[in-house]
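Dumped structure-v8.cif below, it's mmCIF, C-alpha atoms and all ligand atoms:
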```cif
data_coords
loop_
_atom_site.group_PDB
_atom_site.id
_atom_site.type_symbol
_atom_site.label_atom_id
_atom_site.label_comp_id
_atom_site.auth_asym_id
_atom_site.auth_seq_id
_atom_site.Cartn_x
_atom_site.Cartn_y
_atom_site.Cartn_z
ATOM 1 C CA MET A 94 -6.637 15.725 -2.024
ATOM 2 C CA ARG A 95 -3.478 14.057 -0.652
ATOM 3 C CA ILE A 96 -4.072 10.858 1.297
ATOM 4 C CA ILE A 97 -1.785 8.337 3.013
ATOM 5 C CA LEU A 98 -3.114 4.816 3.518
ATOM 6 C CA LEU A 99 -1.258 2.988 6.309
ATOM 7 C CA GLY A 100 -1.551 -0.650 7.378
ATOM 8 C CA ALA A 101 0.271 -3.959 7.733
ATOM 9 C CA PRO A 102 1.104 -6.128 4.726
ATOM 10 C CA GLY A 103 -2.187 -7.661 3.564
ATOM 11 C CA ALA A 104 -4.380 -5.165 5.432
ATOM 12 C CA GLY A 105 -5.907 -4.199 2.075
ATOM 13 C CA LYS A 106 -4.011 -0.993 1.214
ATOM 14 C CA GLY A 107 -3.799 -1.837 -2.490
ATOM 15 C CA THR A 108 -7.422 -3.003 -2.650
ATOM 16 C CA HIS A 109 -8.817 0.168 -1.043
ATOM 17 C CA CYS A 110 -6.427 2.576 -2.780
ATOM 18 C CA LYS A 111 -7.725 1.282 -6.125
ATOM 19 C CA ARG A 112 -11.326 1.913 -5.020
ATOM 20 C CA ILE A 113 -10.484 5.403 -3.690
ATOM 21 C CA VAL A 114 -8.678 6.478 -6.864
ATOM 22 C CA GLU A 115 -11.517 5.190 -9.057
ATOM 23 C CA LYS A 116 -14.095 7.151 -7.091
ATOM 24 C CA CYS A 117 -12.113 10.313 -6.354
ATOM 25 C CA GLY A 118 -9.995 10.666 -9.514
ATOM 26 C CA LEU A 119 -6.686 10.614 -7.635
ATOM 27 C CA GLU A 120 -3.352 9.021 -8.587
ATOM 28 C CA HIS A 121 -2.455 5.714 -6.878
ATOM 29 C CA LEU A 122 1.205 5.852 -5.832
ATOM 30 C CA SER A 123 2.178 2.403 -4.545
ATOM 31 C CA SER A 124 5.845 2.055 -3.561
ATOM 32 C CA GLY A 125 5.574 -1.760 -3.890
ATOM 33 C CA ASP A 126 4.074 -1.546 -7.409
ATOM 34 C CA ILE A 127 6.704 0.979 -8.513
ATOM 35 C CA LEU A 128 9.486 -1.281 -7.171
ATOM 36 C CA ARG A 129 7.982 -4.343 -8.909
ATOM 37 C CA LYS A 130 7.842 -2.367 -12.190
ATOM 38 C CA GLU A 131 11.512 -1.351 -11.780
ATOM 39 C CA ARG A 132 12.365 -5.020 -11.195
ATOM 40 C CA ALA A 133 10.419 -6.164 -14.255
ATOM 41 C CA GLU A 134 12.260 -3.562 -16.355
ATOM 42 C CA GLY A 135 15.636 -4.658 -14.918
ATOM 43 C CA THR A 136 16.664 -1.154 -13.796
ATOM 44 C CA GLU A 137 19.517 -0.540 -11.300
ATOM 45 C CA LEU A 138 16.957 0.396 -8.632
ATOM 46 C CA GLY A 139 14.985 -2.782 -9.355
ATOM 47 C CA LYS A 140 18.118 -4.940 -9.054
ATOM 48 C CA GLU A 141 19.114 -3.244 -5.802
ATOM 49 C CA ALA A 142 15.632 -3.679 -4.315
ATOM 50 C CA GLN A 143 15.239 -7.362 -5.248
ATOM 51 C CA SER A 144 17.010 -9.101 -2.337
ATOM 52 C CA TYR A 145 15.348 -6.855 0.269
ATOM 53 C CA MET A 146 11.880 -7.473 -1.148
ATOM 54 C CA ASP A 147 12.299 -11.223 -1.540
ATOM 55 C CA SER A 148 13.438 -11.599 2.074
ATOM 56 C CA GLY A 149 10.685 -9.385 3.539
ATOM 57 C CA GLN A 150 12.990 -6.525 4.538
ATOM 58 C CA LEU A 151 12.609 -2.848 3.749
ATOM 59 C CA VAL A 152 14.488 -1.333 0.832
ATOM 60 C CA PRO A 153 16.890 1.373 2.174
ATOM 61 C CA ASP A 154 15.225 4.723 2.914
ATOM 62 C CA GLU A 155 17.435 6.799 0.602
ATOM 63 C CA LEU A 156 16.396 4.777 -2.467
ATOM 64 C CA ILE A 157 12.691 4.833 -1.564
ATOM 65 C CA VAL A 158 12.504 8.514 -0.633
ATOM 66 C CA LYS A 159 14.082 9.557 -3.946
ATOM 67 C CA MET A 160 11.791 7.236 -5.922
ATOM 68 C CA MET A 161 8.597 8.394 -4.175
ATOM 69 C CA ALA A 162 9.515 12.109 -4.260
ATOM 70 C CA LYS A 163 9.808 11.764 -8.062
ATOM 71 C CA ALA A 164 6.453 9.929 -8.306
ATOM 72 C CA ILE A 165 4.733 12.612 -6.206
ATOM 73 C CA ARG A 166 6.237 15.415 -8.284
ATOM 74 C CA ASN A 167 4.956 13.757 -11.484
ATOM 75 C CA ALA A 168 1.447 13.147 -10.119
ATOM 76 C CA PRO A 169 -1.470 15.247 -11.424
ATOM 77 C CA GLU A 170 -2.648 18.265 -9.430
ATOM 78 C CA THR A 171 -5.920 16.531 -8.482
ATOM 79 C CA GLY A 172 -3.881 14.692 -5.834
ATOM 80 C CA TRP A 173 -2.749 11.218 -4.852
ATOM 81 C CA VAL A 174 -3.088 8.301 -2.450
ATOM 82 C CA LEU A 175 0.156 6.880 -1.063
ATOM 83 C CA ASP A 176 0.195 3.093 -0.572
ATOM 84 C CA GLY A 177 3.197 1.508 1.212
ATOM 85 C CA PHE A 178 5.004 4.802 1.779
ATOM 86 C CA PRO A 179 6.083 6.135 4.255
ATOM 87 C CA ARG A 180 7.121 2.954 6.024
ATOM 88 C CA THR A 181 9.679 4.287 8.535
ATOM 89 C CA VAL A 182 9.604 7.412 10.699
ATOM 90 C CA ASN A 183 12.594 8.685 8.725
ATOM 91 C CA GLN A 184 10.631 8.282 5.444
ATOM 92 C CA ALA A 185 7.685 10.167 7.010
ATOM 93 C CA GLN A 186 9.982 13.035 8.037
ATOM 94 C CA GLU A 187 11.571 13.145 4.574
ATOM 95 C CA LEU A 188 8.101 13.160 2.975
ATOM 96 C CA ASP A 189 7.072 16.122 5.145
ATOM 97 C CA LYS A 190 10.222 18.001 4.098
ATOM 98 C CA ALA A 191 9.748 17.249 0.389
ATOM 99 C CA LEU A 192 6.080 18.303 0.479
ATOM 100 C CA SER A 193 6.657 21.505 2.443
ATOM 101 C CA SER A 194 9.456 22.545 0.060
ATOM 102 C CA ASP A 195 6.805 22.319 -2.709
ATOM 103 C CA GLY A 196 4.231 24.186 -0.549
ATOM 104 C CA GLN A 197 2.157 21.019 -0.001
ATOM 105 C CA SER A 198 1.048 18.856 2.921
ATOM 106 C CA VAL A 199 -0.866 15.641 3.582
ATOM 107 C CA ASP A 200 -4.645 16.150 4.003
ATOM 108 C CA LEU A 201 -5.696 12.809 5.398
ATOM 109 C CA ILE A 202 -4.240 9.692 6.994
ATOM 110 C CA LEU A 203 -6.217 6.437 6.947
ATOM 111 C CA ASN A 204 -4.960 3.481 8.992
ATOM 112 C CA LEU A 205 -6.157 -0.078 8.301
ATOM 113 C CA LYS A 206 -5.941 -2.130 11.516
ATOM 114 C CA ILE A 207 -5.666 -5.917 11.363
ATOM 115 C CA ASP A 208 -4.342 -8.909 13.346
ATOM 116 C CA ASP A 209 -1.379 -10.896 12.035
ATOM 117 C CA SER A 210 -3.457 -14.111 12.020
ATOM 118 C CA VAL A 211 -5.845 -12.680 9.380
ATOM 119 C CA VAL A 212 -2.960 -11.416 7.245
ATOM 120 C CA MET A 213 -1.398 -14.855 6.693
ATOM 121 C CA ASP A 214 -4.573 -16.230 5.047
ATOM 122 C CA ARG A 215 -4.986 -13.138 2.895
ATOM 123 C CA MET A 216 -1.441 -13.124 1.591
ATOM 124 C CA THR A 217 -1.215 -16.789 0.733
ATOM 125 C CA GLY A 218 -4.565 -16.569 -1.123
ATOM 126 C CA ARG A 219 -3.764 -13.344 -2.978
ATOM 127 C CA ARG A 220 -3.537 -13.362 -6.770
ATOM 128 C CA SER A 221 -2.821 -10.283 -8.867
ATOM 129 C CA CYS A 222 -2.881 -9.205 -12.475
ATOM 130 C CA PRO A 223 0.654 -8.567 -13.789
ATOM 131 C CA LYS A 224 -0.809 -6.262 -16.469
ATOM 132 C CA CYS A 225 -3.185 -3.884 -14.652
ATOM 133 C CA GLY A 226 -2.359 -4.600 -10.977
ATOM 134 C CA ALA A 227 -5.921 -5.655 -10.003
ATOM 135 C CA VAL A 228 -5.876 -7.704 -6.790
ATOM 136 C CA TYR A 229 -7.993 -10.809 -6.039
ATOM 137 C CA HIS A 230 -8.184 -13.527 -3.383
ATOM 138 C CA ILE A 231 -8.869 -17.188 -4.110
ATOM 139 C CA LYS A 232 -11.636 -17.310 -1.455
ATOM 140 C CA ASN A 233 -12.625 -13.757 -0.483
ATOM 141 C CA LEU A 234 -12.423 -11.742 -3.700
ATOM 142 C CA LYS A 235 -12.649 -14.227 -6.556
ATOM 143 C CA PRO A 236 -12.292 -13.179 -10.204
ATOM 144 C CA ARG A 237 -15.323 -14.021 -12.408
ATOM 145 C CA VAL A 238 -13.279 -16.698 -14.253
ATOM 146 C CA GLU A 239 -10.847 -18.615 -12.033
ATOM 147 C CA GLY A 240 -7.230 -17.526 -12.597
ATOM 148 C CA GLU A 241 -8.105 -14.650 -15.001
ATOM 149 C CA CYS A 242 -8.265 -10.891 -14.484
ATOM 150 C CA ASP A 243 -11.832 -9.498 -14.763
ATOM 151 C CA LYS A 244 -10.556 -6.358 -16.468
ATOM 152 C CA ASP A 245 -8.263 -7.705 -19.204
ATOM 153 C CA GLY A 246 -8.356 -11.534 -19.059
ATOM 154 C CA THR A 247 -4.621 -11.759 -18.179
ATOM 155 C CA GLU A 248 -3.527 -14.869 -16.222
ATOM 156 C CA LEU A 249 -3.292 -14.023 -12.525
ATOM 157 C CA VAL A 250 -0.014 -14.594 -10.652
ATOM 158 C CA GLN A 251 1.116 -15.071 -7.043
ATOM 159 C CA ARG A 252 3.735 -12.684 -5.632
ATOM 160 C CA PRO A 253 7.052 -14.349 -4.659
ATOM 161 C CA ASP A 254 7.024 -12.515 -1.303
ATOM 162 C CA ASP A 255 3.650 -14.083 -0.377
ATOM 163 C CA GLU A 256 5.334 -17.342 0.744
ATOM 164 C CA PRO A 257 4.438 -17.953 4.447
ATOM 165 C CA GLU A 258 8.028 -17.513 5.805
ATOM 166 C CA VAL A 259 8.467 -14.232 3.925
ATOM 167 C CA VAL A 260 5.041 -12.993 5.093
ATOM 168 C CA LYS A 261 6.112 -13.675 8.692
ATOM 169 C CA LYS A 262 9.284 -11.626 8.175
ATOM 170 C CA ARG A 263 7.282 -8.816 6.538
ATOM 171 C CA LEU A 264 4.971 -8.707 9.556
ATOM 172 C CA ASP A 265 7.966 -8.534 11.951
ATOM 173 C CA THR A 266 9.429 -5.724 9.840
ATOM 174 C CA TYR A 267 6.049 -3.934 9.927
ATOM 175 C CA HIS A 268 5.776 -4.101 13.744
ATOM 176 C CA GLU A 269 9.375 -2.957 14.267
ATOM 177 C CA GLN A 270 9.692 -0.216 11.658
ATOM 178 C CA THR A 271 6.301 0.814 10.264
ATOM 179 C CA GLU A 272 3.922 0.793 13.253
ATOM 180 C CA PRO A 273 5.822 3.760 14.776
ATOM 181 C CA VAL A 274 4.814 5.794 11.677
ATOM 182 C CA VAL A 275 1.180 5.713 12.936
ATOM 183 C CA GLY A 276 2.366 7.253 16.243
ATOM 184 C CA PHE A 277 4.398 9.850 14.332
ATOM 185 C CA TYR A 278 1.276 11.041 12.486
ATOM 186 C CA LYS A 279 -0.983 10.822 15.559
ATOM 187 C CA ASN A 280 1.238 13.467 17.194
ATOM 188 C CA GLY A 281 0.338 16.160 14.719
ATOM 189 C CA LYS A 282 -2.520 15.037 12.476
ATOM 190 C CA LYS A 283 -5.897 13.328 12.677
ATOM 191 C CA VAL A 284 -5.516 9.651 11.820
ATOM 192 C CA TYR A 285 -8.754 7.823 10.846
ATOM 193 C CA GLU A 286 -8.699 4.141 11.804
ATOM 194 C CA PHE A 287 -10.642 1.255 10.222
ATOM 195 C CA ASP A 288 -11.174 -2.373 11.235
ATOM 196 C CA ALA A 289 -9.621 -4.027 8.178
ATOM 197 C CA SER A 290 -10.626 -7.545 9.237
ATOM 198 C CA LYS A 291 -14.189 -6.860 8.011
ATOM 199 C CA SER A 292 -15.136 -7.652 4.403
ATOM 200 C CA ALA A 293 -13.573 -5.468 1.708
ATOM 201 C CA ASP A 294 -16.983 -3.903 0.917
ATOM 202 C CA GLU A 295 -17.643 -3.071 4.585
ATOM 203 C CA VAL A 296 -14.191 -1.471 4.925
ATOM 204 C CA SER A 297 -14.683 0.532 1.707
ATOM 205 C CA ALA A 298 -18.099 1.725 2.895
ATOM 206 C CA LYS A 299 -16.569 3.053 6.137
ATOM 207 C CA ILE A 300 -13.720 4.742 4.245
ATOM 208 C CA PHE A 301 -16.145 6.451 1.840
ATOM 209 C CA GLU A 302 -18.395 7.498 4.759
ATOM 210 C CA THR A 303 -15.361 9.255 6.272
ATOM 211 C CA LEU A 304 -14.304 10.836 2.966
ATOM 212 C CA ASP A 305 -17.868 12.058 2.279
ATOM 213 C CA ALA A 306 -18.228 13.506 5.800
ATOM 214 C CA LEU A 307 -14.915 15.350 5.455
ATOM 215 C CA ALA A 308 -15.858 16.693 2.021
ATOM 216 C CA LYS A 309 -19.097 18.137 3.491
ATOM 217 C CA ALA A 310 -17.421 19.606 6.619
HETATM 218 P P1 LIG B 1 4.183 -3.718 -0.840
HETATM 219 O O1 LIG B 1 3.849 -4.127 -2.205
HETATM 220 O O2 LIG B 1 3.828 -2.330 -0.380
HETATM 221 O O3 LIG B 1 3.551 -4.785 0.149
HETATM 222 P P2 LIG B 1 2.854 -4.622 1.576
HETATM 223 O O4 LIG B 1 2.790 -3.350 2.272
HETATM 224 O O5 LIG B 1 3.534 -5.704 2.323
HETATM 225 O O6 LIG B 1 1.404 -4.745 1.264
HETATM 226 P P3 LIG B 1 0.706 -5.690 0.320
HETATM 227 O O7 LIG B 1 0.722 -5.153 -1.071
HETATM 228 O O8 LIG B 1 1.249 -7.100 0.477
HETATM 229 O O9 LIG B 1 -0.744 -5.734 0.973
HETATM 230 P P4 LIG B 1 -1.937 -4.699 0.896
HETATM 231 O O10 LIG B 1 -2.146 -4.067 2.220
HETATM 232 O O11 LIG B 1 -1.811 -3.804 -0.299
HETATM 233 O O12 LIG B 1 -3.115 -5.748 0.701
HETATM 234 P P5 LIG B 1 -3.984 -6.112 -0.593
HETATM 235 O O13 LIG B 1 -4.948 -5.028 -0.898
HETATM 236 O O14 LIG B 1 -3.119 -6.609 -1.722
HETATM 237 O O15 LIG B 1 5.737 -3.892 -0.543
HETATM 238 C C1 LIG B 1 6.451 -5.051 -0.978
HETATM 239 C C2 LIG B 1 7.926 -4.896 -0.586
HETATM 240 O O16 LIG B 1 8.501 -3.736 -1.249
HETATM 241 C C3 LIG B 1 8.199 -4.644 0.907
HETATM 242 O O17 LIG B 1 8.258 -5.853 1.644
HETATM 243 C C4 LIG B 1 9.555 -3.918 0.841
HETATM 244 O O18 LIG B 1 10.618 -4.801 0.625
HETATM 245 C C5 LIG B 1 9.425 -3.046 -0.404
HETATM 246 N N1 LIG B 1 8.887 -1.699 -0.091
HETATM 247 C C6 LIG B 1 7.687 -1.178 -0.504
HETATM 248 N N2 LIG B 1 7.516 0.077 -0.015
HETATM 249 C C7 LIG B 1 8.620 0.342 0.719
HETATM 250 C C8 LIG B 1 9.030 1.470 1.507
HETATM 251 N N3 LIG B 1 8.261 2.569 1.622
HETATM 252 N N4 LIG B 1 10.219 1.390 2.150
HETATM 253 C C9 LIG B 1 11.007 0.300 2.047
HETATM 254 N N5 LIG B 1 10.691 -0.792 1.328
HETATM 255 C C10 LIG B 1 9.511 -0.771 0.672
HETATM 256 O O19 LIG B 1 -4.813 -7.351 0.024
HETATM 257 C C11 LIG B 1 -4.182 -8.580 0.354
HETATM 258 C C12 LIG B 1 -5.112 -9.751 -0.027
HETATM 259 O O20 LIG B 1 -6.261 -9.753 0.824
HETATM 260 C C13 LIG B 1 -5.661 -9.699 -1.453
HETATM 261 O O21 LIG B 1 -5.782 -10.994 -1.944
HETATM 262 C C14 LIG B 1 -7.051 -9.055 -1.316
HETATM 263 O O22 LIG B 1 -7.909 -9.481 -2.340
HETATM 264 C C15 LIG B 1 -7.486 -9.576 0.057
HETATM 265 N N6 LIG B 1 -8.286 -8.640 0.804
HETATM 266 C C16 LIG B 1 -8.082 -7.295 0.937
HETATM 267 N N7 LIG B 1 -9.000 -6.764 1.767
HETATM 268 C C17 LIG B 1 -9.785 -7.801 2.193
HETATM 269 C C18 LIG B 1 -10.883 -7.900 3.094
HETATM 270 N N8 LIG B 1 -11.354 -6.826 3.742
HETATM 271 N N9 LIG B 1 -11.422 -9.115 3.322
HETATM 272 C C19 LIG B 1 -10.927 -10.197 2.712
HETATM 273 N N10 LIG B 1 -9.888 -10.192 1.846
HETATM 274 C C20 LIG B 1 -9.322 -8.994 1.588
#
```

Taking this structure as input, can you express it in the form of structure tokens?
Ligand code: AP5
Amino acid sequence: MRIILLGAPGAGKGTHCKRIVEKCGLEHLSSGDILRKERAEGTELGKEAQSYMDSGQLVPDELIVKMMAKAIRNAPETGWVLDGFPRTVNQAQELDKALSSDGQSVDLILNLKIDDSVVMDRMTGRRSCPKCGAVYHIKNLKPRVEGECDKDGTELVQRPDDEPEVVKKRLDTYHEQTEPVVGFYKNGKKVYEFDASKSADEVSAKIFETLDALAKA
């Protein structure tokens, strides 16, 4: 199965992608995580992406499309969930082209809907594991031991782009450049929408209800 998870920064894309891949045995392809890995490794791509990411802007399409096309090509045949890509209409068109040249297409689009006011609290309270990528929140999704990853005990960190001013810029960028991607997909495909302001478990339950119903259809 090939799934795209859309939504504003902080809507819960990473959180729900991790739950979907665990349950369905798919590959989680997060453009943000791949970029952060490139940065940590000091690659040319990572260096180029740094200033865009830290200021809440999008990394140029040509860099992202090439990076994600490679990740998709290397993914196992069981399928994948895209998280954070595509983020512009141009990226969505390029993804369509790349998939159709490999005889593939997207099966399902899930859109997490949320108000900007909820996002600010989520982002400033987010903590993540630099080792395994698990995501927590200091109030809503606490780790068992404060400040430590449940899975591997690594000290949790805060992302530099989760500062309030950068979050505001990321939301502006989302409304200007990424929201139109939802309209692009609604023109040709069924987009399933979820109220992402509910608790993470309620949102997951709705997502799995949809996935189960589609599997039975
Ligand atoms: P990226 O890493 O993709 O960031 P993002 O889209 O801004 O999304 P986030 O990872 O911040 O949020 P999320 O929706 O995954 O939420 P999460 O599950 O963590 O991109 C970073 C940067 O890279 C971009 O700004 C850009 O520069 C660049 N980039 C990436 N892709 C690109 C592309 N395609 N083109 C160009 N540039 C690109 O949840 C957030 C918090 O809320 C967590 O603490 C979580 O525990 C909590 N939470 C989640 N769900 C709930 C819930 N239901 N109730 C309560 N708390 C919840």

Residues selected by the PyMOL selection byres (((chain A and resi 291) around 12) and not hetatm), written as a PyMOL selection string: chain A and resi 104-105+205-208+211+233+287-290+292-299

Taking all atoms listed in the file into account, name the residue in A:Ile157, A:Val238, A:Val260, A:Leu203 that is nearest to A:His109.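 Going through A:Ile157, A:Val238, A:Val260, A:Leu203 one by one, the smallest distance to A:His109 is for A:Leu203.
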
Which of A:Gly246, A:Pro169, A:Gly218, A:Gly196 sits closest to ligand LIG 1 (chain B) [using all atoms listed in the file]: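 Under the stated criterion, the closest residue is A:Gly218.
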
Among listed residues A:Val212, A:Ile202, A:Val284, A:Ala133, nearest ligand LIG 1 (chain B) (using all atoms listed in the file):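 Going through A:Val212, A:Ile202, A:Val284, A:Ala133 one by one, the smallest distance to ligand LIG 1 (chain B) is for A:Val212.
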
Set up a box along x, y and z of the file covering all listed atoms of stretch 117-132 of chain A, add 8 Å on every one of the six sides, and write the centre and edge lengths in Å to one decimal, as AutoDock Vina command-line options.
```
--center_x 0.1 --center_y 2.8 --center_z -7.9 --size_x 40.5 --size_y 31.7 --size_z 24.6
```

Go through A:Ala185, A:Met146, A:Cys222, A:Leu138 and flag the residue nearest A:Gln251, using all atoms listed in the file for the distances. A:Cys222

Which of these residues is nearest to A:Ser221, using only C-alpha atoms: A:Lys130, A:Thr108, A:Thr303, A:Pro273? A:Thr108
